[in-house]
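A.B. asks: upload_36.cif is the file, holding mmCIF, C-alpha atoms:
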data_final
#
loop_
_atom_site.label_atom_id
_atom_site.label_comp_id
_atom_site.auth_asym_id
_atom_site.auth_seq_id
_atom_site.Cartn_x
_atom_site.Cartn_y
_atom_site.Cartn_z
CA MET O 1 52.13 87.98 79.25
CA SER O 2 54.42 85.75 77.17
CA GLU O 3 53.70 84.41 73.68
CA GLN O 4 53.23 80.99 75.24
CA THR O 5 50.62 82.46 77.60
CA VAL O 6 48.89 84.20 74.71
CA SER O 7 48.53 80.84 72.98
CA VAL O 8 46.18 79.70 75.75
CA LEU O 9 43.74 82.49 74.94
CA PRO O 10 40.66 81.32 73.02
CA LYS O 11 40.73 81.82 69.27
CA GLN O 12 37.45 83.77 69.54
CA LEU O 13 39.41 86.50 71.34
CA ARG O 14 42.73 86.36 69.50
CA GLU O 15 41.17 86.71 66.06
CA ARG O 16 39.39 89.99 66.88
CA ASP O 17 41.15 93.38 66.75
CA GLN O 18 39.39 94.53 69.92
CA TRP O 19 42.38 94.88 72.24
CA VAL O 20 43.62 97.75 74.37
CA CYS O 21 46.21 98.10 77.09
CA TRP O 22 45.66 99.38 80.62
CA ARG O 23 47.52 101.26 83.32
CA GLU O 24 46.69 101.33 86.99
CA GLU O 25 46.11 104.89 88.20
CA PRO O 26 44.48 106.36 91.33
CA ARG O 27 40.86 107.50 90.98
CA ASP O 28 39.04 108.88 94.01
CA GLY O 29 41.84 107.50 96.16
CA LYS O 30 41.52 103.95 94.80
CA PRO O 31 43.65 102.14 92.20
CA THR O 32 41.73 101.92 88.91
CA LYS O 33 42.59 100.28 85.63
CA ILE O 34 42.49 102.92 82.88
CA PRO O 35 42.39 101.73 79.24
CA VAL O 36 45.06 103.19 76.94
CA THR O 37 45.68 102.96 73.22
CA PRO O 38 48.77 100.87 72.40
CA GLY O 39 51.40 103.02 70.74
CA SER O 40 50.15 106.48 71.63
CA GLY O 41 49.48 105.82 75.31
CA GLU O 42 46.40 108.07 75.13
CA PHE O 43 43.12 107.12 76.81
CA ALA O 44 41.33 104.37 74.89
CA SER O 45 37.57 104.39 74.45
CA SER O 46 35.48 101.27 74.83
CA THR O 47 33.25 102.60 72.04
CA ASP O 48 35.88 103.84 69.57
CA PRO O 49 37.39 101.11 67.36
CA GLU O 50 40.13 103.54 66.30
CA THR O 51 41.69 103.04 69.73
CA TRP O 52 41.74 99.22 69.51
CA VAL O 53 44.41 96.99 68.03
CA SER O 54 45.33 93.33 67.54
CA ILE O 55 46.42 91.14 70.44
CA GLU O 56 50.00 91.12 69.07
CA THR O 57 50.21 94.92 68.98
CA ALA O 58 48.69 95.29 72.44
CA LEU O 59 51.03 92.68 73.89
CA GLU O 60 54.09 94.33 72.34
CA TYR O 61 53.15 97.68 73.87
CA ALA O 62 52.50 96.14 77.30
CA ASP O 63 55.83 94.27 77.20
CA SER O 64 57.61 97.57 76.54
CA GLY O 65 56.73 98.66 80.06
CA ASP O 66 54.45 101.51 78.98
CA ALA O 67 51.35 99.67 80.23
CA ASP O 68 50.50 97.21 82.99
CA GLY O 69 48.54 94.73 80.89
CA VAL O 70 46.13 94.10 78.03
CA GLY O 71 42.35 94.03 77.84
CA PHE O 72 39.59 92.85 75.49
CA VAL O 73 36.77 95.21 74.49
CA PHE O 74 33.19 93.91 74.26
CA THR O 75 31.03 95.20 71.39
CA ASP O 76 27.57 94.71 69.91
CA ASP O 77 29.18 93.00 66.93
CA ASP O 78 30.52 90.01 68.85
CA PRO O 79 28.59 87.32 70.77
CA ILE O 80 30.88 87.41 73.79
CA VAL O 81 29.61 88.13 77.31
CA GLY O 82 31.87 88.74 80.29
CA VAL O 83 31.05 87.56 83.80
CA ASP O 84 33.05 89.43 86.43
CA LEU O 85 33.30 87.79 89.87
CA ASP O 86 34.98 90.03 92.46
CA ASP O 87 36.30 89.32 95.96
CA CYS O 88 35.66 85.58 95.78
CA ARG O 89 39.19 84.14 95.86
CA ASN O 90 41.90 84.13 98.52
CA PRO O 91 45.15 84.66 96.59
CA GLU O 92 47.22 83.06 99.36
CA THR O 93 45.18 79.92 100.06
CA ARG O 94 43.49 79.87 96.61
CA ASP O 95 40.18 79.13 98.31
CA ILE O 96 37.11 80.10 96.25
CA ASP O 97 33.69 81.16 97.55
CA ASP O 98 30.89 78.65 97.03
CA LEU O 99 28.88 81.17 95.02
CA ALA O 100 31.76 81.69 92.57
CA VAL O 101 32.32 77.93 92.31
CA ASP O 102 28.66 77.41 91.43
CA ILE O 103 28.72 80.07 88.71
CA ILE O 104 32.02 78.93 87.21
CA GLU O 105 30.94 75.29 87.11
CA ARG O 106 27.57 76.08 85.51
CA LEU O 107 29.04 78.36 82.87
CA ASP O 108 31.79 75.82 82.11
CA SER O 109 33.72 78.15 79.76
CA TYR O 110 37.07 79.91 79.53
CA THR O 111 37.91 81.28 83.00
CA GLU O 112 40.94 83.16 84.24
CA ILE O 113 42.08 84.79 87.45
CA SER O 114 41.81 88.58 87.60
CA PRO O 115 44.98 90.74 87.90
CA SER O 116 44.40 91.28 91.63
CA GLY O 117 44.18 87.54 92.20
CA THR O 118 40.97 88.00 94.20
CA GLY O 119 38.43 87.30 91.46
CA PHE O 120 37.65 85.61 88.17
CA HIS O 121 36.68 86.59 84.64
CA VAL O 122 34.50 84.10 82.78
CA LEU O 123 33.91 84.53 79.05
CA ILE O 124 30.99 82.90 77.25
CA GLU O 125 28.96 83.31 74.09
CA GLY O 126 25.37 84.40 74.53
CA GLU O 127 23.01 87.34 74.83
CA LEU O 128 22.81 89.31 78.07
CA PRO O 129 19.26 89.30 79.52
CA ASP O 130 17.47 92.62 79.94
CA GLY O 131 17.38 94.36 83.30
CA ARG O 132 20.07 95.11 85.82
CA ASN O 133 23.50 93.66 85.16
CA ARG O 134 25.11 93.86 88.59
CA ARG O 135 24.41 92.79 92.12
CA GLY O 136 26.98 92.53 94.86
CA SER O 137 30.24 91.07 93.56
CA ILE O 138 28.73 89.81 90.29
CA GLU O 139 28.61 91.84 87.09
CA LEU O 140 27.64 90.85 83.56
CA TYR O 141 28.30 92.90 80.45
CA ASP O 142 28.55 92.51 76.70
CA THR O 143 29.23 95.92 75.15
CA ALA O 144 31.07 99.22 75.67
CA ARG O 145 33.30 97.75 78.40
CA PHE O 146 36.63 95.97 78.56
CA PHE O 147 37.98 92.98 80.46
CA THR O 148 41.55 92.87 81.71
CA VAL O 149 43.05 89.66 80.32
CA THR O 150 45.87 87.84 82.11
CA GLY O 151 45.98 84.40 80.50
CA ASP O 152 46.24 83.02 84.05
CA THR O 153 43.59 80.36 83.51
CA LEU O 154 41.77 78.47 86.19
CA GLU O 155 42.86 74.85 86.28
CA GLU O 156 40.54 72.45 84.46
CA SER O 157 38.55 75.28 82.88
CA PRO O 158 37.76 74.91 79.14
CA SER O 159 40.17 76.50 76.68
CA ARG O 160 37.37 77.84 74.49
CA VAL O 161 34.62 80.44 74.87
CA ALA O 162 31.55 78.20 75.02
CA ARG O 163 27.97 79.16 74.21
CA ARG O 164 26.04 79.07 77.51
CA GLN O 165 22.81 81.01 76.97
CA ASP O 166 20.65 78.86 79.27
CA ALA O 167 23.19 78.96 82.09
CA LEU O 168 23.61 82.72 81.66
CA GLU O 169 19.87 83.33 81.93
CA ALA O 170 19.59 81.10 85.00
CA ILE O 171 22.51 82.80 86.75
CA HIS O 172 21.13 86.24 85.89
CA ARG O 173 17.74 85.26 87.28
CA GLU O 174 19.08 83.68 90.49
CA TYR O 175 22.00 85.89 91.40
CA VAL O 176 21.42 89.25 89.72
CA LYS O 177 17.79 89.97 88.87
CA ASP O 178 15.88 88.18 91.63
CA SER O 179 18.28 88.25 94.56
CA GLU O 180 16.93 90.10 97.62
CA SER O 181 19.91 89.45 99.87
CA ASP O 182 21.35 92.94 99.68
CA GLY O 183 19.09 95.78 100.72
CA ALA O 184 21.36 98.58 99.57
CA SER O 185 21.57 99.40 95.90
CA GLU O 186 24.51 97.67 94.26
CA SER O 187 24.05 98.86 90.76
CA GLY O 188 27.54 99.31 89.42
CA TYR O 189 28.75 101.75 86.84
CA ARG O 190 32.03 100.71 85.32
CA GLY O 191 32.65 103.59 82.98
CA VAL O 192 35.63 102.61 80.85
CA THR O 193 36.99 99.96 83.20
CA ASP O 194 35.88 96.67 84.58
CA GLU O 195 37.14 97.32 88.09
CA GLN O 196 35.27 100.48 89.18
CA ALA O 197 32.02 100.28 91.12
CA SER O 198 30.30 103.36 92.47
CA THR O 199 27.41 102.74 94.84
CA ASP O 200 27.64 105.44 97.46
CA THR O 201 24.95 107.70 96.02
CA ALA O 202 22.50 105.24 94.47
CA GLY O 203 19.00 104.80 95.81
CA ASP O 204 17.92 101.89 98.00
CA VAL O 205 15.13 100.79 95.65
CA ASP O 206 15.57 98.14 92.99
CA VAL O 207 13.45 99.29 90.05
CA ASP O 208 12.75 95.86 88.58
CA LEU O 209 10.91 96.98 85.44
CA GLU O 210 11.70 96.45 81.78
CA ASP O 211 13.14 99.50 80.01
CA GLU O 212 10.06 100.11 77.87
CA GLU O 213 7.74 99.92 80.87
CA LEU O 214 9.94 102.33 82.79
CA LEU O 215 10.05 104.78 79.89
CA GLU O 216 6.29 104.60 79.55
CA LYS O 217 5.87 105.54 83.20
CA ALA O 218 8.27 108.46 82.76
CA ARG O 219 6.28 109.71 79.75
CA ASN O 220 2.97 109.45 81.60
CA ALA O 221 4.18 111.21 84.75
CA SER O 222 3.23 114.80 85.54
CA ASN O 223 6.53 115.95 84.02
CA GLY O 224 6.26 113.51 81.12
CA GLU O 225 6.07 116.23 78.49
CA LYS O 226 9.47 117.59 79.51
CA PHE O 227 10.91 114.08 79.68
CA GLU O 228 9.62 113.29 76.17
CA ARG O 229 11.10 116.50 74.73
CA LEU O 230 14.50 115.71 76.18
CA TRP O 231 14.23 112.06 75.15
CA ARG O 232 13.59 113.12 71.54
CA GLY O 233 16.72 115.27 71.66
CA SER O 234 15.18 118.73 72.04
CA THR O 235 17.34 121.27 73.85
CA ALA O 236 14.70 124.03 73.76
CA GLY O 237 14.83 126.14 76.92
CA TYR O 238 18.45 125.23 77.70
CA GLU O 239 21.45 127.42 77.03
CA SER O 240 23.52 124.44 75.87
CA GLN O 241 23.12 120.75 75.11
CA SER O 242 25.26 119.96 78.16
CA GLU O 243 22.53 121.46 80.35
CA ALA O 244 19.90 119.40 78.53
CA ASP O 245 22.05 116.28 79.05
CA MET O 246 22.14 116.99 82.77
CA ALA O 247 18.38 117.54 82.95
CA LEU O 248 17.63 114.22 81.24
CA CYS O 249 20.14 112.38 83.43
CA CYS O 250 18.53 113.80 86.56
CA LEU O 251 15.17 112.45 85.41
CA LEU O 252 16.70 109.09 84.54
CA ALA O 253 18.35 108.98 87.97
CA PHE O 254 14.92 109.29 89.59
CA TRP O 255 13.24 106.63 87.44
CA THR O 256 16.08 104.08 87.56
CA GLY O 257 16.70 104.34 91.29
CA GLY O 258 20.17 105.78 90.63
CA ASP O 259 21.33 102.79 88.56
CA HIS O 260 24.48 104.05 86.78
CA THR O 261 24.58 101.31 84.17
CA ARG O 262 20.90 101.55 83.33
CA MET O 263 21.06 105.34 83.08
CA ASP O 264 23.94 105.05 80.63
CA ARG O 265 22.11 102.44 78.56
CA LEU O 266 18.91 104.49 78.40
CA PHE O 267 20.67 107.76 77.63
CA ARG O 268 22.36 106.08 74.65
CA GLN O 269 18.87 105.41 73.26
CA SER O 270 17.85 109.07 73.52
CA GLY O 271 18.05 111.76 70.88
CA LEU O 272 20.60 113.66 72.99
CA LEU O 273 23.37 111.09 72.49
CA ARG O 274 26.42 112.49 70.70
CA GLU O 275 30.08 111.51 70.32
CA LYS O 276 31.05 113.75 73.23
CA TRP O 277 29.32 111.30 75.61
CA ASP O 278 32.29 108.91 75.41
CA ASP O 279 35.04 111.53 75.19
CA VAL O 280 37.53 111.53 78.05
CA HIS O 281 37.23 115.01 79.55
CA TYR O 282 38.88 114.58 82.95
CA ALA O 283 42.38 113.86 84.22
CA ASP O 284 41.23 110.71 86.06
CA GLY O 285 40.14 109.14 82.77
CA SER O 286 36.42 109.75 83.27
CA THR O 287 34.32 110.47 80.22
CA TYR O 288 31.88 113.33 79.87
CA GLY O 289 28.99 110.86 80.14
CA GLU O 290 30.29 109.25 83.32
CA LYS O 291 30.67 112.56 85.13
CA THR O 292 27.26 113.76 83.98
CA ILE O 293 25.63 110.62 85.39
CA GLU O 294 27.58 110.85 88.65
CA ARG O 295 26.52 114.48 89.17
CA ALA O 296 22.91 113.68 88.37
CA ILE O 297 22.75 110.86 90.93
CA THR O 298 24.50 112.94 93.59
CA SER O 299 21.89 115.68 93.23
CA THR O 300 18.87 113.36 93.29
CA SER O 301 17.31 112.97 96.73
CA GLU O 302 14.15 111.08 95.73
CA PHE O 303 13.99 107.86 93.69
CA TYR O 304 11.08 106.09 92.06
CA ASP O 305 9.65 103.23 94.12
CA PRO O 306 7.61 100.77 92.02
CA ASP O 307 6.13 99.25 95.19
CA ALA O 308 4.76 102.56 96.46
CA ARG O 309 1.25 103.77 95.73
CA ASP O 310 0.85 105.57 92.41
CA ASP O 311 -0.03 108.87 94.06
CA SER O 312 3.04 108.58 96.30
CA SER O 313 5.28 107.91 93.32
CA GLU O 314 3.70 110.79 91.42
CA ALA O 315 4.29 113.10 94.38
CA SER O 316 7.94 112.03 94.54
CA SER O 317 8.23 112.53 90.79
CA ARG O 318 6.80 116.05 91.02
CA GLN O 319 8.99 116.87 94.01
CA ASN O 320 12.06 115.56 92.22
CA GLU O 321 11.08 117.46 89.07
CA SER O 322 10.75 120.63 91.09
CA ALA O 323 14.25 120.11 92.43
CA ILE O 324 15.66 118.99 89.11
CA THR O 325 14.05 120.99 86.34
CA GLY O 326 12.14 123.85 87.93
CA SER O 327 8.86 124.89 86.32
CA ARG O 328 7.62 123.35 83.09
CA ASP O 329 8.92 126.24 81.00
CA GLU O 330 12.16 126.98 82.82
CA PRO O 331 15.55 125.26 82.59
CA ALA O 332 16.84 123.09 85.43
CA GLU O 333 17.79 124.93 88.57
CA ASN O 334 18.86 122.15 90.92
CA HIS O 335 22.28 121.96 92.49
CA ALA O 336 23.77 119.69 89.83
CA TYR O 337 22.39 121.90 87.08
CA LEU O 338 23.84 125.01 88.67
CA VAL O 339 27.19 123.34 89.26
CA GLU O 340 27.30 122.21 85.63
CA LYS O 341 26.21 125.63 84.39
CA ASN O 342 28.82 127.32 86.57
CA ARG O 343 31.47 124.99 85.16
CA LEU O 344 30.44 125.80 81.58
CA LEU O 345 30.44 129.54 82.29
CA THR O 346 33.81 129.28 84.00
CA ASP O 347 35.22 127.46 80.98
CA ARG O 348 33.77 130.17 78.75
CA VAL O 349 35.31 132.92 80.89
CA ASP O 350 38.66 131.12 80.79
CA ASP O 351 38.44 130.91 76.99
CA LEU O 352 37.60 134.61 76.71
CA GLU O 353 40.41 135.58 79.08
CA THR O 354 42.84 133.50 77.03
CA THR O 355 41.63 135.14 73.83
CA LEU O 356 41.93 138.59 75.40
CA GLU O 357 45.44 137.84 76.59
CA GLU O 358 46.42 136.70 73.08
CA LYS O 359 44.95 139.87 71.56
CA ASN O 360 46.77 142.04 74.12
CA GLU O 361 50.03 140.32 73.26
CA ARG O 362 49.31 140.94 69.57
CA ILE O 363 48.63 144.63 70.27
CA ASP O 364 51.90 144.91 72.22
CA ALA O 365 53.76 143.29 69.33
CA LEU O 366 52.17 145.65 66.79
CA GLU O 367 52.95 148.69 68.95
CA ALA O 368 56.58 147.57 69.24
CA THR O 369 56.76 147.13 65.46
CA ASN O 370 55.17 150.56 64.96
CA GLU O 371 57.70 152.19 67.28
CA ALA O 372 60.56 150.50 65.45
CA LEU O 373 59.23 151.84 62.15
CA ARG O 374 58.95 155.32 63.62
CA GLU O 375 62.56 155.09 64.77
CA GLN O 376 63.64 154.05 61.29
CA LEU O 377 61.72 156.97 59.81
CA ARG O 378 63.44 159.42 62.19
CA ASP O 379 66.83 157.99 61.25
CA CYS O 380 66.03 158.37 57.57
CA GLN O 381 64.90 161.96 58.11
CA GLU O 382 68.09 162.85 59.97
CA THR O 383 70.20 161.25 57.26
CA LEU O 384 68.46 163.25 54.55
CA GLU O 385 68.88 166.47 56.51
CA ARG O 386 72.61 165.84 56.93
CA ARG O 387 72.95 165.20 53.22
CA ASP O 388 71.06 168.41 52.42
CA GLN O 389 73.34 170.48 54.63
CA ALA O 390 76.48 168.88 53.27
CA SER O 391 75.52 169.38 49.61
CA ASN O 392 74.25 173.05 50.01
CA PRO O 393 75.64 174.67 53.17
CA GLU O 394 74.64 178.18 52.00
CA MET O 395 71.01 177.46 51.17
CA ASP O 396 68.72 180.21 52.26
CA GLU O 397 66.28 180.04 55.05
CA ALA O 398 63.41 179.39 52.68
CA SER O 399 65.20 176.39 51.21
CA ALA O 400 66.03 175.18 54.66
CA ASN O 401 62.43 175.48 55.68
CA GLU O 402 61.35 173.74 52.54
CA GLY O 403 63.88 171.04 53.26
CA ASP O 404 62.16 170.34 56.52
CA SER O 405 59.48 168.52 54.61
CA ILE O 406 59.86 165.30 52.72
CA TRP O 407 58.44 167.04 49.63
CA GLY O 408 61.06 169.76 49.94
CA ARG O 409 63.87 167.24 50.23
CA ALA O 410 62.50 165.38 47.25
CA LYS O 411 62.48 168.55 45.15
CA GLN O 412 66.09 169.32 46.15
CA PHE O 413 67.12 165.79 45.23
CA VAL O 414 65.55 165.84 41.75
CA GLY O 415 65.84 169.61 41.17
CA ASP O 416 63.21 172.39 41.15
CA GLY O 417 62.35 171.70 37.55
CA ASP O 418 63.75 175.13 36.35
#
Step by step, read the file and then write its structure as structure tokens.

C.D. replies:
Amino acid sequence: MSEQTVSVLPKQLRERDQWVCWREEPRDGKPTKIPVTPGSGEFASSTDPETWVSIETALEYADSGDADGVGFVFTDDDPIVGVDLDDCRNPETRDIDDLAVDIIERLDSYTEISPSGTGFHVLIEGELPDGRNRRGSIELYDTARFFTVTGDTLEESPSRVARRQDALEAIHREYVKDSESDGASESGYRGVTDEQASTDTAGDVDVDLEDEELLEKARNASNGEKFERLWRGSTAGYESQSEADMALCCLLAFWTGGDHTRMDRLFRQSGLLREKWDDVHYADGSTYGEKTIERAITSTSEFYDPDARDDSSEASSRQNESAITGSRDEPAENHAYLVEKNRLLTDRVDDLETTLEEKNERIDALEATNEALREQLRDCQETLERRDQASNPEMDEASANEGDSIWGRAKQFVGDGD
């Protein structure tokens, strides 16, 4: 991206130090855009301002060849909302799907072509409506995510980020919240990138309830007491907080229908949230929180259905609780829990083995030092004996015997005191 291209970026973006760079790396066999911190090249976090820089710094790092491009991070402190439209543009013919045309025209704000050339990123000012934020090829987000920015603007699109609250709410209602065109769950979970969507393990039910209503149902369910304890941040009955995190995520997976994004949003409101949630713990760039959510969804076989009868939902909840968290007084014993526990124990064993190896090396070093000192002592003893014999070759047997000891040699050296 040249300086001339940067000049086309809206001032609302350029004036904020919320920029990162990105590299394309394989994740689960697919190319994924991983955010990196300009300068260090380490993984950047969409929730850690320490890893963000100015547009000039990000651009300089990208131009050096150490990154593939730059990206803008959305936060709670700015009014900017990103609308991601995937697979709606033919890069060869430049034809655009009617749905994307409708959304772009109604938002009427700064719009640019995505790096792949097959989609668009629209930036507006507004407040994202509650509820799900993704359906099909449309995703809306306003915090803890980043947009790749190309500066490759759509012709005739505005050069500014316009406030479009009414249009945003209408589009959310028509295309995201109320659409029934796709039976399979399409709830996306982007993690730290704006390109990843994981839908293979989500449930088929769209839980179209407000967060507070959903939480109230979880608290009033047969396992509501356990849910409430975890929600408040209690880890009682669990060997580690990581196991408590997994247990709460398994419950959230059931109640949200396996909605990655909603699970992440709800977990962040719980008392279990800690800085580790957003730490990158895996070679593919995934954070601890992302992997915990993925494992929880994979292990959940039953999902809450708001359209089912109450007793049916309660039965599913109890069945899922039995699979997820065991009895009311026992820690979780489901597959995901056991996998996570096994991983933690394996890590602990590895740490202990490393410590043991270091201590063994220290013991070997001390034994080698001790042997060297013994050798020096033997040399000193032999030297003293040779000196004794040379200075008094006719000493009697008693003196010789006395000279065998250090005390005897010392007395000969300083005299007997007679």

A.B. asks: What gap, in Å, lies between atom CA of Ser270 of chain O and atom CA of Ser242 of chain O?

C.D. replies: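 It comes out at 14.0 Å.
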
A.B. asks: At what distance in Å, to one decimal, does atom CA of Ile138 of chain O lie from atom CA of Ile104 of chain O?

C.D. replies: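 That distance, rounded to one decimal, is 11.8 Å.
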
A.B. asks: Measure the distance from atom CA of Val176 of chain O to atom CA of Val83 of chain O in Å and round it to one decimal.

C.D. replies: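 Atom-to-atom, atom CA of Val176 of chain O and atom CA of Val83 of chain O are spaced 11.4 Å apart.
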
A.B. asks: Which residues come within 7 Å of Ala244 of chain O, counting only C-alpha atoms, excluding same-chain residues fewer than 5 positions away, as a compact mmCIF listing (two decimals) with C-alpha atoms, keeping the file's coordinate frame?

C.D. replies:
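Heads up, here's the output in out23.txt:
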# COMPACT_ATOMS: atom_id res chain seq x y z
CA LEU O 230 14.50 115.71 76.18
CA THR O 235 17.34 121.27 73.85
CA TYR O 238 18.45 125.23 77.70

A.B. asks: Need the shell around Asp98 of chain O: protein/DNA/RNA residues with any atom at most 9 Å away, counting all atoms listed in the file. Skip same-chain ones fewer than 4 positions apart. Format as a PyMOL selection string?

C.D. replies: chain O and resi 88+102-103

A.B. asks: Could you state which residues are captured by the PyMOL selection byres ((chain O and resi 139) around 8) in this file, as a ChimeraX atom specification?

C.D. replies: /O:83-85,133-138,140-141,188

A.B. asks: Using only C-alpha atoms, pick whichever of O:Glu357, O:Asp130, O:Glu275, O:Asp68 has the shortest atom-to-atom distance to Val36 of chain O.

C.D. replies: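 Of O:Glu357, O:Asp130, O:Glu275, O:Asp68, the one nearest Val36 of chain O is O:Asp68, counting only C-alpha atoms.
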
A.B. asks: Of the candidates O:Glu358, O:Glu294, O:Glu239, O:Glu112, which one gets nearest to Pro158 of chain O if we count all atoms listed in the file?

C.D. replies: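 The shortest atom-to-atom distance to Pro158 of chain O comes from O:Glu112.
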
A.B. asks: Set the distance at 12 Å and use all atoms listed in the file: which residues neighbour Gly131 of chain O once local chain neighbours fewer than 2 positions away are removed? I'd like the list as a short mmCIF file (atom, residue, chain, number, x, y, z; two decimals) with C-alpha atoms, in the coordinates of the input.

C.D. replies:
data_model
loop_
_atom_site.label_atom_id
_atom_site.label_comp_id
_atom_site.auth_asym_id
_atom_site.auth_seq_id
_atom_site.Cartn_x
_atom_site.Cartn_y
_atom_site.Cartn_z
CA LEU O 128 22.81 89.31 78.07
CA PRO O 129 19.26 89.30 79.52
CA ASN O 133 23.50 93.66 85.16
CA ARG O 134 25.11 93.86 88.59
CA ARG O 135 24.41 92.79 92.12
CA LEU O 140 27.64 90.85 83.56
CA TYR O 141 28.30 92.90 80.45
CA GLU O 169 19.87 83.33 81.93
CA HIS O 172 21.13 86.24 85.89
CA ARG O 173 17.74 85.26 87.28
CA VAL O 176 21.42 89.25 89.72
CA LYS O 177 17.79 89.97 88.87
CA ASP O 178 15.88 88.18 91.63
CA SER O 187 24.05 98.86 90.76
CA ASP O 206 15.57 98.14 92.99
CA VAL O 207 13.45 99.29 90.05
CA ASP O 208 12.75 95.86 88.58
CA LEU O 209 10.91 96.98 85.44
CA GLU O 210 11.70 96.45 81.78
CA ASP O 211 13.14 99.50 80.01
CA GLU O 212 10.06 100.11 77.87
CA GLU O 213 7.74 99.92 80.87
CA LEU O 214 9.94 102.33 82.79
CA THR O 256 16.08 104.08 87.56
CA ASP O 259 21.33 102.79 88.56
CA THR O 261 24.58 101.31 84.17
CA ARG O 262 20.90 101.55 83.33
CA MET O 263 21.06 105.34 83.08
CA ARG O 265 22.11 102.44 78.56
CA LEU O 266 18.91 104.49 78.40
#

A.B. asks: Tell me which residues come within 12 Å of (36.2, 89.2, 92.3), as an MDAnalysis selection string, counting all atoms listed in the file in the file's coordinates.

C.D. replies: chainID O and resid 83:91 96:97 99:101 112:122 136:139 194:197

A.B. asks: Hey, what's within 12 Å of Ala218 of chain O if we count all atoms listed in the file and toss same-chain stuff fewer than 5 positions away? As a list in words, please?

C.D. replies: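 Everything that qualifies: Asp211, Glu212, Glu213, Asn223, Gly224, Glu225, Lys226, Phe227, Glu228, Arg229, Leu230, Trp231, Leu248, Leu251, Leu252, Ala253, Phe254, Trp255, Thr256, Tyr304, Ser313, Glu314, Ser317, Arg318 and Glu321 of chain O.
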
A.B. asks: Using all atoms listed in the file and a cutoff of 12 Å, can you tell me which residues are near (21.2, 77.3, 83.4) in the file's coordinates, and write them out as a CSV table (one decimal) with C-alpha atoms, keeping the file's coordinate frame?

C.D. replies:
chain,number,residue,atom,x,y,z
O,102,ASP,CA,28.7,77.4,91.4
O,103,ILE,CA,28.7,80.1,88.7
O,104,ILE,CA,32.0,78.9,87.2
O,105,GLU,CA,30.9,75.3,87.1
O,106,ARG,CA,27.6,76.1,85.5
O,107,LEU,CA,29.0,78.4,82.9
O,108,ASP,CA,31.8,75.8,82.1
O,163,ARG,CA,28.0,79.2,74.2
O,164,ARG,CA,26.0,79.1,77.5
O,165,GLN,CA,22.8,81.0,77.0
O,166,ASP,CA,20.6,78.9,79.3
O,167,ALA,CA,23.2,79.0,82.1
O,168,LEU,CA,23.6,82.7,81.7
O,169,GLU,CA,19.9,83.3,81.9
O,170,ALA,CA,19.6,81.1,85.0
O,171,ILE,CA,22.5,82.8,86.8
O,172,HIS,CA,21.1,86.2,85.9
O,173,ARG,CA,17.7,85.3,87.3
O,174,GLU,CA,19.1,83.7,90.5
O,175,TYR,CA,22.0,85.9,91.4

A.B. asks: Report as a list in words the residues that result from applying the PyMOL selection byres ((chain O and resi 160) around 12) to the structure here.

C.D. replies: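 Evaluating the PyMOL selection byres ((chain O and resi 160) around 12) on these coordinates yields Ser7, Val8, Leu9, Pro10, Lys11, Gln12, Leu13, Arg14, Ile80, Leu107, Asp108, Ser109, Tyr110, Thr111, Glu112, Val122, Leu123, Ile124, Glu125, Thr153, Glu156, Ser157, Pro158, Ser159, Val161, Ala162, Arg163 and Arg164 of chain O.
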
A.B. asks: How would the residues just chosen look if you wrote them out with C-alpha atoms as a compact mmCIF listing (two decimals), in the frame of the given file?

C.D. replies:
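Output saved as out-v8.txt:
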# COMPACT_ATOMS: atom_id res chain seq x y z
CA SER O 7 48.53 80.84 72.98
CA VAL O 8 46.18 79.70 75.75
CA LEU O 9 43.74 82.49 74.94
CA PRO O 10 40.66 81.32 73.02
CA LYS O 11 40.73 81.82 69.27
CA GLN O 12 37.45 83.77 69.54
CA LEU O 13 39.41 86.50 71.34
CA ARG O 14 42.73 86.36 69.50
CA ILE O 80 30.88 87.41 73.79
CA LEU O 107 29.04 78.36 82.87
CA ASP O 108 31.79 75.82 82.11
CA SER O 109 33.72 78.15 79.76
CA TYR O 110 37.07 79.91 79.53
CA THR O 111 37.91 81.28 83.00
CA GLU O 112 40.94 83.16 84.24
CA VAL O 122 34.50 84.10 82.78
CA LEU O 123 33.91 84.53 79.05
CA ILE O 124 30.99 82.90 77.25
CA GLU O 125 28.96 83.31 74.09
CA THR O 153 43.59 80.36 83.51
CA GLU O 156 40.54 72.45 84.46
CA SER O 157 38.55 75.28 82.88
CA PRO O 158 37.76 74.91 79.14
CA SER O 159 40.17 76.50 76.68
CA VAL O 161 34.62 80.44 74.87
CA ALA O 162 31.55 78.20 75.02
CA ARG O 163 27.97 79.16 74.21
CA ARG O 164 26.04 79.07 77.51

A.B. asks: Which residue gives the smallest distance to Lys217 of chain O among O:Asp95, O:Asp305, O:Ala368, O:Ser299, with all atoms listed in the file counted?

C.D. replies: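 Among the listed residues, the smallest separation from Lys217 of chain O belongs to O:Asp305.
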
A.B. asks: Can you translate the PyMOL selection byres ((chain O and resi 241) around 12) into the concrete residues it hits in this file, as an NGL selection string?

C.D. replies: :O and (230 or 233-240 or 242-248 or 271-274 or 276-277 or 331 or 340-341 or 344)

A.B. asks: Rank O:Thr75, O:Gln18, O:Thr298, O:Ser40 by their smallest atom-to-atom distance to Val53 of chain O, using all atoms listed in the file, and report the top residue only.

C.D. replies: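 The shortest atom-to-atom distance to Val53 of chain O comes from O:Gln18.
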
A.B. asks: Point out the residue among O:Val6, O:Glu24, O:Glu290, O:Thr32 with the least atom-to-atom distance to Val149 of chain O, counting all atoms listed in the file.

C.D. replies: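 Among O:Val6, O:Glu24, O:Glu290, O:Thr32, it is O:Val6 that comes nearest to Val149 of chain O.
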